[in-house]
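Source file: upload_39.json. Holds: JSON, C-alpha atoms.
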[["chain", "number", "residue", "atom", "x", "y", "z"],
["A", 1, "MET", "CA", -16.16, 10.90, -4.34],
["A", 2, "MET", "CA", -13.18, 9.30, -6.06],
["A", 3, "TYR", "CA", -13.37, 5.93, -7.80],
["A", 4, "ALA", "CA", -10.85, 3.40, -9.05],
["A", 5, "ILE", "CA", -10.70, 0.04, -10.75],
["A", 6, "GLY", "CA", -9.29, -2.68, -8.50],
["A", 7, "VAL", "CA", -7.89, -5.76, -10.26],
["A", 8, "ASP", "CA", -7.30, -9.18, -8.69],
["A", 9, "LEU", "CA", -5.10, -11.07, -11.16],
["A", 10, "GLY", "CA", -4.66, -14.71, -10.22],
["A", 11, "GLY", "CA", -3.42, -17.88, -11.84],
["A", 12, "THR", "CA", -6.82, -19.05, -13.08],
["A", 13, "LYS", "CA", -9.05, -15.97, -13.10],
["A", 14, "THR", "CA", -8.83, -12.21, -13.16],
["A", 15, "ALA", "CA", -11.52, -10.19, -11.39],
["A", 16, "ALA", "CA", -11.91, -6.44, -11.43],
["A", 17, "GLY", "CA", -14.38, -3.98, -10.00],
["A", 18, "VAL", "CA", -15.18, -0.31, -9.60],
["A", 19, "VAL", "CA", -14.25, 0.67, -6.05],
["A", 20, "SER", "CA", -15.53, 3.82, -4.37],
["A", 21, "GLY", "CA", -13.57, 6.07, -2.05],
["A", 22, "ALA", "CA", -15.52, 4.47, 0.79],
["A", 23, "GLY", "CA", -14.20, 1.01, -0.14],
["A", 24, "LYS", "CA", -17.39, -0.32, -1.73],
["A", 25, "VAL", "CA", -17.34, -2.45, -4.88],
["A", 26, "LEU", "CA", -20.07, -1.00, -7.09],
["A", 27, "PHE", "CA", -19.88, -3.66, -9.78],
["A", 28, "SER", "CA", -17.37, -6.22, -10.95],
["A", 29, "GLU", "CA", -16.59, -8.69, -13.70],
["A", 30, "THR", "CA", -14.40, -11.79, -14.00],
["A", 31, "ILE", "CA", -12.53, -13.41, -16.89],
["A", 32, "PRO", "CA", -10.23, -16.44, -17.15],
["A", 33, "THR", "CA", -6.55, -15.55, -16.84],
["A", 34, "LEU", "CA", -4.70, -16.41, -20.06],
["A", 35, "ASN", "CA", -2.09, -18.18, -17.96],
["A", 36, "ARG", "CA", -0.47, -19.91, -20.93],
["A", 37, "GLY", "CA", -0.55, -16.93, -23.25],
["A", 38, "GLY", "CA", 2.36, -14.91, -21.89],
["A", 39, "GLY", "CA", 2.58, -11.46, -20.33],
["A", 40, "ALA", "CA", 1.42, -9.43, -23.33],
["A", 41, "ALA", "CA", -1.71, -11.54, -23.81],
["A", 42, "ILE", "CA", -2.57, -11.28, -20.12],
["A", 43, "LEU", "CA", -2.13, -7.51, -20.19],
["A", 44, "ASP", "CA", -4.30, -7.23, -23.32],
["A", 45, "ALA", "CA", -7.11, -9.22, -21.70],
["A", 46, "THR", "CA", -6.83, -7.36, -18.39],
["A", 47, "ALA", "CA", -6.85, -3.98, -20.11],
["A", 48, "ALA", "CA", -9.97, -4.99, -22.04],
["A", 49, "LEU", "CA", -11.64, -6.02, -18.77],
["A", 50, "VAL", "CA", -10.73, -2.72, -17.13],
["A", 51, "SER", "CA", -11.76, -0.68, -20.19],
["A", 52, "GLY", "CA", -15.18, -2.33, -20.13],
["A", 53, "LEU", "CA", -15.63, -1.42, -16.49],
["A", 54, "ILE", "CA", -14.55, 2.17, -17.12],
["A", 55, "SER", "CA", -17.18, 2.40, -19.86],
["A", 56, "ARG", "CA", -19.78, 0.81, -17.64],
["A", 57, "ALA", "CA", -18.96, 3.32, -14.90],
["A", 58, "ALA", "CA", -19.17, 6.21, -17.37],
["A", 59, "ALA", "CA", -22.65, 5.08, -18.37],
["A", 60, "ALA", "CA", -23.59, 5.40, -14.69],
["A", 61, "GLY", "CA", -22.12, 8.90, -14.50],
["A", 62, "ILE", "CA", -18.92, 7.79, -12.73],
["A", 63, "THR", "CA", -15.48, 8.86, -13.93],
["A", 64, "VAL", "CA", -12.66, 6.39, -13.30],
["A", 65, "ASP", "CA", -9.10, 7.31, -14.23],
["A", 66, "ARG", "CA", -6.92, 5.18, -11.95],
["A", 67, "VAL", "CA", -6.23, 1.45, -11.61],
["A", 68, "GLY", "CA", -4.77, -0.65, -8.80],
["A", 69, "ALA", "CA", -3.77, -4.28, -9.32],
["A", 70, "GLY", "CA", -3.09, -7.14, -6.96],
["A", 71, "SER", "CA", -1.25, -9.79, -8.94],
["A", 72, "ALA", "CA", 0.08, -13.27, -8.43],
["A", 73, "GLY", "CA", 3.87, -13.35, -8.30],
["A", 74, "VAL", "CA", 6.54, -11.30, -6.60],
["A", 75, "ILE", "CA", 5.79, -7.69, -7.53],
["A", 76, "ASP", "CA", 8.23, -4.80, -7.32],
["A", 77, "ALA", "CA", 5.63, -2.26, -6.25],
["A", 78, "SER", "CA", 7.98, 0.68, -6.76],
["A", 79, "ARG", "CA", 8.36, -0.10, -10.47],
["A", 80, "GLY", "CA", 5.19, -2.12, -11.09],
["A", 81, "VAL", "CA", 7.20, -5.04, -12.48],
["A", 82, "VAL", "CA", 6.65, -8.77, -11.95],
["A", 83, "VAL", "CA", 9.99, -9.86, -10.45],
["A", 84, "SER", "CA", 9.20, -13.57, -10.45],
["A", 85, "ALA", "CA", 6.26, -15.93, -10.84],
["A", 86, "THR", "CA", 5.52, -19.63, -10.71],
["A", 87, "ASP", "CA", 4.62, -21.77, -13.69],
["A", 88, "ALA", "CA", 0.96, -21.17, -12.83],
["A", 89, "ILE", "CA", 1.29, -18.14, -15.14],
["A", 90, "LEU", "CA", 3.80, -18.82, -17.90],
["A", 91, "GLY", "CA", 5.76, -15.84, -19.16],
["A", 92, "TRP", "CA", 4.57, -13.56, -16.36],
["A", 93, "ALA", "CA", 7.98, -12.95, -14.77],
["A", 94, "GLY", "CA", 9.59, -9.78, -16.12],
["A", 95, "THR", "CA", 6.29, -8.25, -17.24],
["A", 96, "ASP", "CA", 6.04, -4.48, -16.76],
["A", 97, "LEU", "CA", 2.58, -4.67, -15.25],
["A", 98, "THR", "CA", 1.73, -1.06, -14.45],
["A", 99, "ALA", "CA", 3.33, 0.53, -17.52],
["A", 100, "GLY", "CA", 1.76, -2.13, -19.73],
["A", 101, "LEU", "CA", -1.73, -1.49, -18.38],
["A", 102, "ALA", "CA", -1.29, 2.28, -18.42],
["A", 103, "SER", "CA", -0.25, 2.36, -22.07],
["A", 104, "ARG", "CA", -3.08, 0.06, -23.13],
["A", 105, "LEU", "CA", -5.64, 2.14, -21.25],
["A", 106, "GLY", "CA", -4.27, 5.52, -22.25],
["A", 107, "LEU", "CA", -3.62, 6.49, -18.63],
["A", 108, "PRO", "CA", -0.55, 8.21, -17.18],
["A", 109, "PRO", "CA", 1.83, 5.72, -15.51],
["A", 110, "SER", "CA", 1.29, 7.40, -12.13],
["A", 111, "SER", "CA", -2.39, 6.40, -12.27],
["A", 112, "VAL", "CA", -1.64, 2.66, -12.15],
["A", 113, "ARG", "CA", -0.09, 0.81, -9.20],
["A", 114, "ALA", "CA", 0.43, -2.85, -8.33],
["A", 115, "VAL", "CA", 1.33, -5.15, -5.44],
["A", 116, "ASN", "CA", 1.23, -8.89, -4.83],
["A", 117, "ASP", "CA", -2.33, -10.22, -4.63],
["A", 118, "VAL", "CA", -2.12, -11.31, -0.97],
["A", 119, "HIS", "CA", -0.92, -7.84, 0.03],
["A", 120, "ALA", "CA", -3.92, -6.44, -1.84],
["A", 121, "HIS", "CA", -6.17, -8.92, -0.04],
["A", 122, "ALA", "CA", -4.77, -7.87, 3.35],
["A", 123, "LEU", "CA", -5.07, -4.19, 2.49],
["A", 124, "GLY", "CA", -8.73, -4.67, 1.63],
["A", 125, "GLU", "CA", -9.43, -6.41, 4.94],
["A", 126, "ALA", "CA", -7.51, -3.68, 6.78],
["A", 127, "TRP", "CA", -9.52, -0.95, 5.05],
["A", 128, "THR", "CA", -13.13, -2.17, 5.21],
["A", 129, "GLY", "CA", -12.99, -5.81, 6.33],
["A", 130, "SER", "CA", -12.27, -7.70, 9.53],
["A", 131, "ALA", "CA", -9.27, -5.53, 10.46],
["A", 132, "ALA", "CA", -10.93, -2.17, 9.72],
["A", 133, "GLY", "CA", -10.01, 0.50, 12.24],
["A", 134, "THR", "CA", -6.92, -1.29, 13.57],
["A", 135, "ALA", "CA", -3.39, 0.07, 13.61],
["A", 136, "SER", "CA", -1.89, -3.23, 12.45],
["A", 137, "SER", "CA", -3.07, -6.57, 11.18],
["A", 138, "LEU", "CA", -1.54, -9.88, 10.17],
["A", 139, "LEU", "CA", -3.43, -11.69, 7.42],
["A", 140, "VAL", "CA", -2.57, -15.23, 6.37],
["A", 141, "ALA", "CA", -4.42, -16.98, 3.54],
["A", 142, "PHE", "CA", -4.62, -20.78, 3.26],
["A", 143, "GLY", "CA", -5.82, -22.22, -0.02],
["A", 144, "THR", "CA", -4.04, -23.57, -3.08],
["A", 145, "GLY", "CA", -0.95, -21.98, -1.54],
["A", 146, "VAL", "CA", -0.12, -20.13, 1.66],
["A", 147, "GLY", "CA", 0.60, -16.41, 1.72],
["A", 148, "GLY", "CA", 0.41, -13.52, 4.11],
["A", 149, "SER", "CA", 0.79, -9.83, 4.69],
["A", 150, "PHE", "CA", 1.44, -7.54, 7.64],
["A", 151, "VAL", "CA", -0.38, -4.22, 7.28],
["A", 152, "LEU", "CA", 0.99, -1.45, 9.47],
["A", 153, "ALA", "CA", -0.72, 1.96, 9.62],
["A", 154, "GLY", "CA", -2.54, 1.25, 6.36],
["A", 155, "THR", "CA", 0.54, 0.09, 4.47],
["A", 156, "PRO", "CA", 1.44, -3.53, 3.65],
["A", 157, "VAL", "CA", 5.04, -4.35, 4.60],
["A", 158, "LEU", "CA", 6.52, -5.52, 1.29],
["A", 159, "GLY", "CA", 10.12, -6.17, 2.24],
["A", 160, "HIS", "CA", 13.41, -4.95, 0.81],
["A", 161, "ARG", "CA", 13.30, -7.44, -2.10],
["A", 162, "HIS", "CA", 9.50, -7.43, -2.43],
["A", 163, "VAL", "CA", 9.07, -10.99, -1.06],
["A", 164, "GLY", "CA", 7.57, -10.05, 2.31],
["A", 165, "GLY", "CA", 4.59, -12.21, 3.24],
["A", 166, "HIS", "CA", 5.76, -15.60, 1.97],
["A", 167, "VAL", "CA", 4.39, -17.33, 5.04],
["A", 168, "GLY", "CA", 4.16, -20.68, 3.28],
["A", 169, "HIS", "CA", 7.93, -20.94, 3.11],
["A", 170, "VAL", "CA", 8.88, -21.07, 6.75],
["A", 171, "ALA", "CA", 9.94, -24.36, 8.31],
["A", 172, "SER", "CA", 7.29, -26.52, 9.96],
["A", 173, "PRO", "CA", 7.86, -29.55, 12.19],
["A", 174, "TYR", "CA", 4.61, -30.93, 10.78],
["A", 175, "ALA", "CA", 6.02, -31.10, 7.23],
["A", 176, "TYR", "CA", 7.64, -34.51, 7.62],
["A", 177, "HIS", "CA", 6.59, -38.06, 6.84],
["A", 178, "ASN", "CA", 8.50, -41.10, 8.08],
["A", 179, "GLY", "CA", 11.37, -38.82, 9.04],
["A", 180, "ALA", "CA", 11.72, -37.19, 5.62],
["A", 181, "ALA", "CA", 10.92, -33.54, 4.95],
["A", 182, "LEU", "CA", 8.06, -33.09, 2.51],
["A", 183, "PRO", "CA", 8.84, -31.31, -0.78],
["A", 184, "CYS", "CA", 7.53, -27.79, -1.22],
["A", 185, "VAL", "CA", 6.50, -26.16, -4.49],
["A", 186, "CYS", "CA", 9.29, -23.58, -4.02],
["A", 187, "GLY", "CA", 11.90, -26.32, -4.50],
["A", 188, "HIS", "CA", 12.87, -26.64, -0.84],
["A", 189, "THR", "CA", 11.52, -29.07, 1.75],
["A", 190, "GLY", "CA", 9.84, -29.03, 5.13],
["A", 191, "HIS", "CA", 7.87, -25.81, 4.66],
["A", 192, "VAL", "CA", 4.44, -25.09, 6.09],
["A", 193, "GLU", "CA", 2.88, -24.92, 2.61],
["A", 194, "ALA", "CA", 3.97, -28.52, 2.01],
["A", 195, "ILE", "CA", 1.62, -29.71, 4.77],
["A", 196, "SER", "CA", -1.06, -27.03, 5.23],
["A", 197, "SER", "CA", -2.18, -25.93, 1.75],
["A", 198, "GLY", "CA", -5.26, -27.43, 0.12],
["A", 199, "PRO", "CA", -3.26, -29.67, -2.25],
["A", 200, "ALA", "CA", -1.01, -30.69, 0.67],
["A", 201, "ILE", "CA", -4.01, -31.86, 2.68],
["A", 202, "LEU", "CA", -5.06, -34.03, -0.26],
["A", 203, "GLU", "CA", -1.54, -35.52, -0.43],
["A", 204, "SER", "CA", -1.60, -36.18, 3.33],
["A", 205, "PHE", "CA", -4.93, -37.94, 2.97],
["A", 206, "ARG", "CA", -3.39, -40.26, 0.39],
["A", 207, "ARG", "CA", -0.33, -40.90, 2.55],
["A", 208, "PHE", "CA", -2.64, -41.87, 5.41],
["A", 209, "GLY", "CA", -4.34, -44.49, 3.28],
["A", 210, "GLY", "CA", -7.07, -42.51, 1.58],
["A", 211, "PRO", "CA", -8.18, -43.99, -1.75],
["A", 212, "PRO", "CA", -6.47, -42.53, -4.84],
["A", 213, "GLN", "CA", -9.78, -41.94, -6.61],
["A", 214, "VAL", "CA", -10.42, -39.00, -4.28],
["A", 215, "ARG", "CA", -9.19, -36.18, -6.51],
["A", 216, "ASP", "CA", -9.65, -32.91, -4.62],
["A", 217, "THR", "CA", -9.49, -31.38, -1.16],
["A", 218, "ARG", "CA", -13.19, -30.59, -1.12],
["A", 219, "ALA", "CA", -13.89, -34.33, -1.26],
["A", 220, "VAL", "CA", -11.47, -34.89, 1.64],
["A", 221, "PHE", "CA", -13.52, -32.49, 3.76],
["A", 222, "SER", "CA", -16.71, -34.25, 2.75],
["A", 223, "LEU", "CA", -15.25, -37.58, 3.85],
["A", 224, "ALA", "CA", -14.07, -36.06, 7.13],
["A", 225, "HIS", "CA", -17.60, -34.87, 7.87],
["A", 226, "ASP", "CA", -18.67, -38.48, 7.36],
["A", 227, "GLY", "CA", -16.08, -39.69, 9.88],
["A", 228, "ASP", "CA", -13.29, -40.93, 7.57],
["A", 229, "ALA", "CA", -10.19, -41.34, 9.78],
["A", 230, "ALA", "CA", -7.60, -40.55, 7.08],
["A", 231, "ALA", "CA", -9.46, -37.39, 6.08],
["A", 232, "ILE", "CA", -9.84, -36.21, 9.68],
["A", 233, "LYS", "CA", -6.13, -36.81, 10.34],
["A", 234, "ALA", "CA", -5.00, -35.01, 7.17],
["A", 235, "ILE", "CA", -7.14, -31.96, 7.90],
["A", 236, "GLY", "CA", -6.13, -31.90, 11.57],
["A", 237, "ILE", "CA", -2.41, -32.00, 10.80],
["A", 238, "GLY", "CA", -2.70, -29.38, 8.07],
["A", 239, "ALA", "CA", -4.74, -27.10, 10.32],
["A", 240, "GLY", "CA", -2.31, -27.61, 13.22],
["A", 241, "ALA", "CA", 0.63, -26.66, 11.02],
["A", 242, "ALA", "CA", -1.26, -23.59, 9.82],
["A", 243, "GLY", "CA", -2.09, -22.45, 13.33],
["A", 244, "GLN", "CA", 1.42, -22.98, 14.65],
["A", 245, "ALA", "CA", 2.88, -20.91, 11.81],
["A", 246, "VAL", "CA", 0.43, -18.03, 12.32],
["A", 247, "GLY", "CA", 0.94, -18.08, 16.07],
["A", 248, "GLY", "CA", 4.70, -17.88, 15.62],
["A", 249, "LEU", "CA", 4.32, -14.91, 13.29],
["A", 250, "ALA", "CA", 2.02, -13.19, 15.78],
["A", 251, "ASN", "CA", 4.75, -13.57, 18.42],
["A", 252, "ILE", "CA", 7.20, -11.83, 16.10],
["A", 253, "LEU", "CA", 4.95, -9.07, 14.74],
["A", 254, "ASP", "CA", 2.53, -8.43, 17.64],
["A", 255, "PRO", "CA", -0.41, -7.35, 15.43],
["A", 256, "ALA", "CA", -3.54, -5.76, 16.80],
["A", 257, "VAL", "CA", -5.56, -8.50, 15.10],
["A", 258, "VAL", "CA", -4.94, -11.70, 13.16],
["A", 259, "VAL", "CA", -7.09, -12.37, 10.10],
["A", 260, "VAL", "CA", -7.19, -15.83, 8.54],
["A", 261, "SER", "CA", -8.59, -16.23, 5.04],
["A", 262, "GLY", "CA", -8.65, -18.47, 2.01],
["A", 263, "GLY", "CA", -10.58, -21.54, 0.96],
["A", 264, "LEU", "CA", -9.54, -23.57, 3.99],
["A", 265, "ALA", "CA", -10.57, -20.83, 6.42],
["A", 266, "ASP", "CA", -13.97, -20.91, 4.73],
["A", 267, "ALA", "CA", -14.28, -24.68, 5.11],
["A", 268, "GLY", "CA", -15.83, -24.49, 8.56],
["A", 269, "ASP", "CA", -15.01, -25.58, 12.11],
["A", 270, "LEU", "CA", -13.47, -28.88, 11.04],
["A", 271, "TRP", "CA", -10.42, -26.85, 9.98],
["A", 272, "TRP", "CA", -10.86, -23.66, 11.98],
["A", 273, "ARG", "CA", -10.99, -25.20, 15.47],
["A", 274, "PRO", "CA", -7.70, -27.17, 15.29],
["A", 275, "MET", "CA", -6.08, -24.23, 13.50],
["A", 276, "GLU", "CA", -7.02, -21.73, 16.20],
["A", 277, "ARG", "CA", -6.18, -24.19, 18.98],
["A", 278, "ALA", "CA", -2.65, -24.64, 17.59],
["A", 279, "LEU", "CA", -2.32, -20.89, 17.02],
["A", 280, "ARG", "CA", -3.21, -19.99, 20.58],
["A", 281, "ALA", "CA", -0.99, -22.73, 22.00],
["A", 282, "GLU", "CA", 1.95, -21.00, 20.29],
["A", 283, "LEU", "CA", 1.29, -17.48, 21.59],
["A", 284, "LEU", "CA", 3.36, -15.71, 24.20],
["A", 285, "ALA", "CA", 1.39, -14.73, 27.31],
["A", 286, "PRO", "CA", 0.90, -11.03, 26.43],
["A", 287, "LEU", "CA", -0.71, -12.11, 23.14],
["A", 288, "ALA", "CA", -3.15, -14.58, 24.69],
["A", 289, "ASP", "CA", -6.18, -12.43, 23.93],
["A", 290, "VAL", "CA", -5.26, -11.31, 20.41],
["A", 291, "PRO", "CA", -8.39, -11.47, 18.22],
["A", 292, "VAL", "CA", -8.24, -14.20, 15.57],
["A", 293, "LEU", "CA", -10.83, -13.34, 12.94],
["A", 294, "ARG", "CA", -12.19, -14.83, 9.75],
["A", 295, "ALA", "CA", -11.76, -12.58, 6.72],
["A", 296, "ALA", "CA", -14.94, -10.66, 5.94],
["A", 297, "LEU", "CA", -14.73, -9.50, 2.32],
["A", 298, "GLY", "CA", -14.53, -12.84, 0.53],
["A", 299, "ASN", "CA", -13.66, -12.66, -3.16],
["A", 300, "THR", "CA", -13.78, -8.86, -3.20],
["A", 301, "ALA", "CA", -10.95, -8.31, -0.68],
["A", 302, "ALA", "CA", -8.13, -8.04, -3.22],
["A", 303, "ILE", "CA", -10.26, -5.83, -5.50],
["A", 304, "VAL", "CA", -10.92, -3.45, -2.60],
["A", 305, "GLY", "CA", -7.27, -3.47, -1.52],
["A", 306, "ALA", "CA", -6.02, -2.93, -5.07],
["A", 307, "GLY", "CA", -8.40, 0.00, -5.39],
["A", 308, "LYS", "CA", -7.05, 1.52, -2.20],
["A", 309, "LEU", "CA", -3.55, 1.58, -3.70],
["A", 310, "VAL", "CA", -4.63, 4.44, -5.95],
["A", 311, "LEU", "CA", -7.54, 5.91, -4.05],
["A", 312, "LYS", "CA", -5.53, 6.67, -0.93],
["A", 313, "PRO", "CA", -1.82, 6.22, -1.61],
["A", 314, "CYS", "CA", -0.09, 3.99, 0.94]]
What do you get writing this file as structure tokens?
Amino acid sequence: MMYAIGVDLGGTKTAAGVVSGAGKVLFSETIPTLNRGGGAAILDATAALVSGLISRAAAAGITVDRVGAGSAGVIDASRGVVVSATDAILGWAGTDLTAGLASRLGLPPSSVRAVNDVHAHALGEAWTGSAAGTASSLLVAFGTGVGGSFVLAGTPVLGHRHVGGHVGHVASPYAYHNGAALPCVCGHTGHVEAISSGPAILESFRRFGGPPQVRDTRAVFSLAHDGDAAAIKAIGIGAGAAGQAVGGLANILDPAVVVVSGGLADAGDLWWRPMERALRAELLAPLADVPVLRAALGNTAAIVGAGKLVLKPC
């Protein structure tokens, strides 16, 4: 059986694991991402993480000589270069991700591949998760941000300029307050991420009169469970915006299944029910019975998907 290292490189943490040819994570480790250290420092730390896992695998009699990475940012998968990135990782844009890892690990460049982290997440779910065995799947993740990926015949659709899947940056009629479009982190206004992400739900809660001492979205959910009106309204609007956006995408792409993931999807029925209700209200009649599934692989999804990049070339 073949094995690979799958890397999930995010803005706050980097996780990696040894992935088998059957899509199982044998063991994994996590380190903080050096998100203020610049590209070279991040590559150094990631290579050290991967090298440790290769050694650990060798001790178990497993040879690993290929690495797949799912990374935050817009990734040119054909060249393995970070085209652009937000300030969540300073100095990441322009980094030659695959060549940098390959040289540090002493591997041939062809043994290292990379895509955006949400594409890796979707690929993992399509391989061994909720969408396993389907010809196509639409995954949308709702958490600190909003991202998505359409996997067709085992391959994530990346787009001509590598920005495919930026679900958070479509217009939403929910993303308004007192007639004004809400600002989005991308610099534009009125986008779905501006109303449906975790931080956006916290901001909505404050706009609806929630006390400023509530500092995170988890606390908003706790208050909603206790019956707080502002919290219930903020979550309901955010979930409605999320569902409408996913339903609209399903109308365009006609996937075999829809998979919804991320921290908000894991928050329970308080978010899931209004999200799915809004999603299904948006669907065209032939799509009425499309399965809408929770992601199954949790924190290992992007590791599994990144591993698949090099275990079974897309």
Kindly give the distance, in Å, that separates atom CA of Ile201 of chain A and atom CA of Ala234 of chain A, rounded to a single decimal. 5.6 Å
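Comparing the minimum interatomic distances between Leu138 of chain A and each of A:Ala47, A:Ala4, A:Leu293, A:Ala219, counting all atoms listed in the file, we find that A:Leu293 sits nearest.
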Do you know which residues are at most 7 Å from Gly236 of chain A counting all atoms listed in the file, after dropping those on the same chain fewer than 4 positions away, and could you put them as number ranges by chain? A: 232, 240, 271, 274
Can you pull out the residues contacting Ser51 of chain A? Cut-off 10 Å, using all atoms listed in the file, and skip same-chain residues under 3 positions away; I want them as a list in words. Ile5, Ala45, Thr46, Ala47, Ala48, Ile54, Ser55, Arg56, Ala57, Val64, Arg104, Leu105 and Gly106 of chain A
Under the rule that all atoms listed in the file are counted, which of A:Pro286, A:Gly168, A:Gly23, A:Gly143 is the nearest residue to Ile303 of chain A?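 Checking each candidate against Ile303 of chain A, we get A:Gly23 as the closest.
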For each of A:Arg294, A:Lys233, A:Arg79, A:His225, take the minimum atom-to-atom distance to Val258 of chain A, counting all atoms listed in the file, then give the residue where this is smallest. A:Arg294
A:Leu152, A:Ala69, A:Ala171, A:Ile237: which is nearest Ala135 of chain A, counting all atoms listed in the file? A:Leu152
List as a CSV table (one decimal) with C-alpha atoms, keeping the file's coordinate frame the protein and nucleic acid residues near Gly210 of chain A, meaning an atom at most 10 Å away when only C-alpha atoms are counted, but skip any in the same chain fewer than 6 places from it.
chain,number,residue,atom,x,y,z
A,202,LEU,CA,-5.1,-34.0,-0.3
A,203,GLU,CA,-1.5,-35.5,-0.4
A,204,SER,CA,-1.6,-36.2,3.3
A,220,VAL,CA,-11.5,-34.9,1.6
A,223,LEU,CA,-15.2,-37.6,3.8
A,228,ASP,CA,-13.3,-40.9,7.6
A,229,ALA,CA,-10.2,-41.3,9.8
A,230,ALA,CA,-7.6,-40.6,7.1
A,231,ALA,CA,-9.5,-37.4,6.1
A,234,ALA,CA,-5.0,-35.0,7.2
Which residue, A:Pro212, A:Gly164, A:Gly133, A:Pro291, has the smallest gap to Gly247 of chain A when you use only C-alpha atoms?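 Closest to Gly247 of chain A of all the choices is A:Pro291.
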A:His188, A:Lys308, A:Arg280, A:Lys24 ranked by distance to Pro156 of chain A, top pick (using all atoms listed in the file):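 The closest residue to Pro156 of chain A is A:Lys308.
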Skip Gly73 of chain A itself and residues of its chain fewer than 6 positions away, then list as number ranges by chain all residues within 9 Å of it, counting only C-alpha atoms. A: 10, 82-86, 89, 92-93, 116-117
Mind rebuilding segment 101-115 of chain A with N, CA and C atoms and writing that out as an mmCIF file, in the frame of the given file?
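That gives us rebuild.cif:
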data_model
loop_
_atom_site.group_PDB
_atom_site.id
_atom_site.type_symbol
_atom_site.label_atom_id
_atom_site.label_comp_id
_atom_site.auth_asym_id
_atom_site.auth_seq_id
_atom_site.Cartn_x
_atom_site.Cartn_y
_atom_site.Cartn_z
ATOM 1 N N LEU A 101 -0.308 -1.828 -18.498
ATOM 2 C CA LEU A 101 -1.730 -1.490 -18.380
ATOM 3 C C LEU A 101 -1.965 -0.022 -18.705
ATOM 4 N N ALA A 102 -1.106 0.841 -18.189
ATOM 5 C CA ALA A 102 -1.290 2.280 -18.420
ATOM 6 C C ALA A 102 -1.283 2.605 -19.908
ATOM 7 N N SER A 103 -0.337 2.045 -20.640
ATOM 8 C CA SER A 103 -0.250 2.360 -22.070
ATOM 9 C C SER A 103 -1.454 1.819 -22.832
ATOM 10 N N ARG A 104 -1.917 0.645 -22.448
ATOM 11 C CA ARG A 104 -3.080 0.060 -23.130
ATOM 12 C C ARG A 104 -4.360 0.814 -22.827
ATOM 13 N N LEU A 105 -4.433 1.427 -21.649
ATOM 14 C CA LEU A 105 -5.640 2.140 -21.250
ATOM 15 C C LEU A 105 -5.574 3.639 -21.536
ATOM 16 N N GLY A 106 -4.426 4.108 -21.992
ATOM 17 C CA GLY A 106 -4.270 5.520 -22.250
ATOM 18 C C GLY A 106 -4.235 6.357 -20.998
ATOM 19 N N LEU A 107 -3.715 5.780 -19.902
ATOM 20 C CA LEU A 107 -3.620 6.490 -18.630
ATOM 21 C C LEU A 107 -2.167 6.858 -18.343
ATOM 22 N N PRO A 108 -1.927 7.911 -17.582
ATOM 23 C CA PRO A 108 -0.550 8.210 -17.180
ATOM 24 C C PRO A 108 -0.026 7.120 -16.264
ATOM 25 N N PRO A 109 1.264 6.794 -16.344
ATOM 26 C CA PRO A 109 1.830 5.720 -15.510
ATOM 27 C C PRO A 109 1.570 5.911 -14.028
ATOM 28 N N SER A 110 1.506 7.142 -13.558
ATOM 29 C CA SER A 110 1.290 7.400 -12.130
ATOM 30 C C SER A 110 -0.111 7.009 -11.670
ATOM 31 N N SER A 111 -1.012 6.747 -12.619
ATOM 32 C CA SER A 111 -2.390 6.400 -12.270
ATOM 33 C C SER A 111 -2.594 4.908 -12.080
ATOM 34 N N VAL A 112 -1.533 4.114 -12.273
ATOM 35 C CA VAL A 112 -1.640 2.660 -12.150
ATOM 36 C C VAL A 112 -0.578 2.161 -11.169
ATOM 37 N N ARG A 113 -1.006 1.368 -10.179
ATOM 38 C CA ARG A 113 -0.090 0.810 -9.200
ATOM 39 C C ARG A 113 -0.379 -0.676 -9.032
ATOM 40 N N ALA A 114 0.605 -1.413 -8.503
ATOM 41 C CA ALA A 114 0.430 -2.850 -8.330
ATOM 42 C C ALA A 114 1.199 -3.357 -7.119
ATOM 43 N N VAL A 115 0.650 -4.399 -6.488
ATOM 44 C CA VAL A 115 1.330 -5.150 -5.440
ATOM 45 C C VAL A 115 0.986 -6.629 -5.641
#
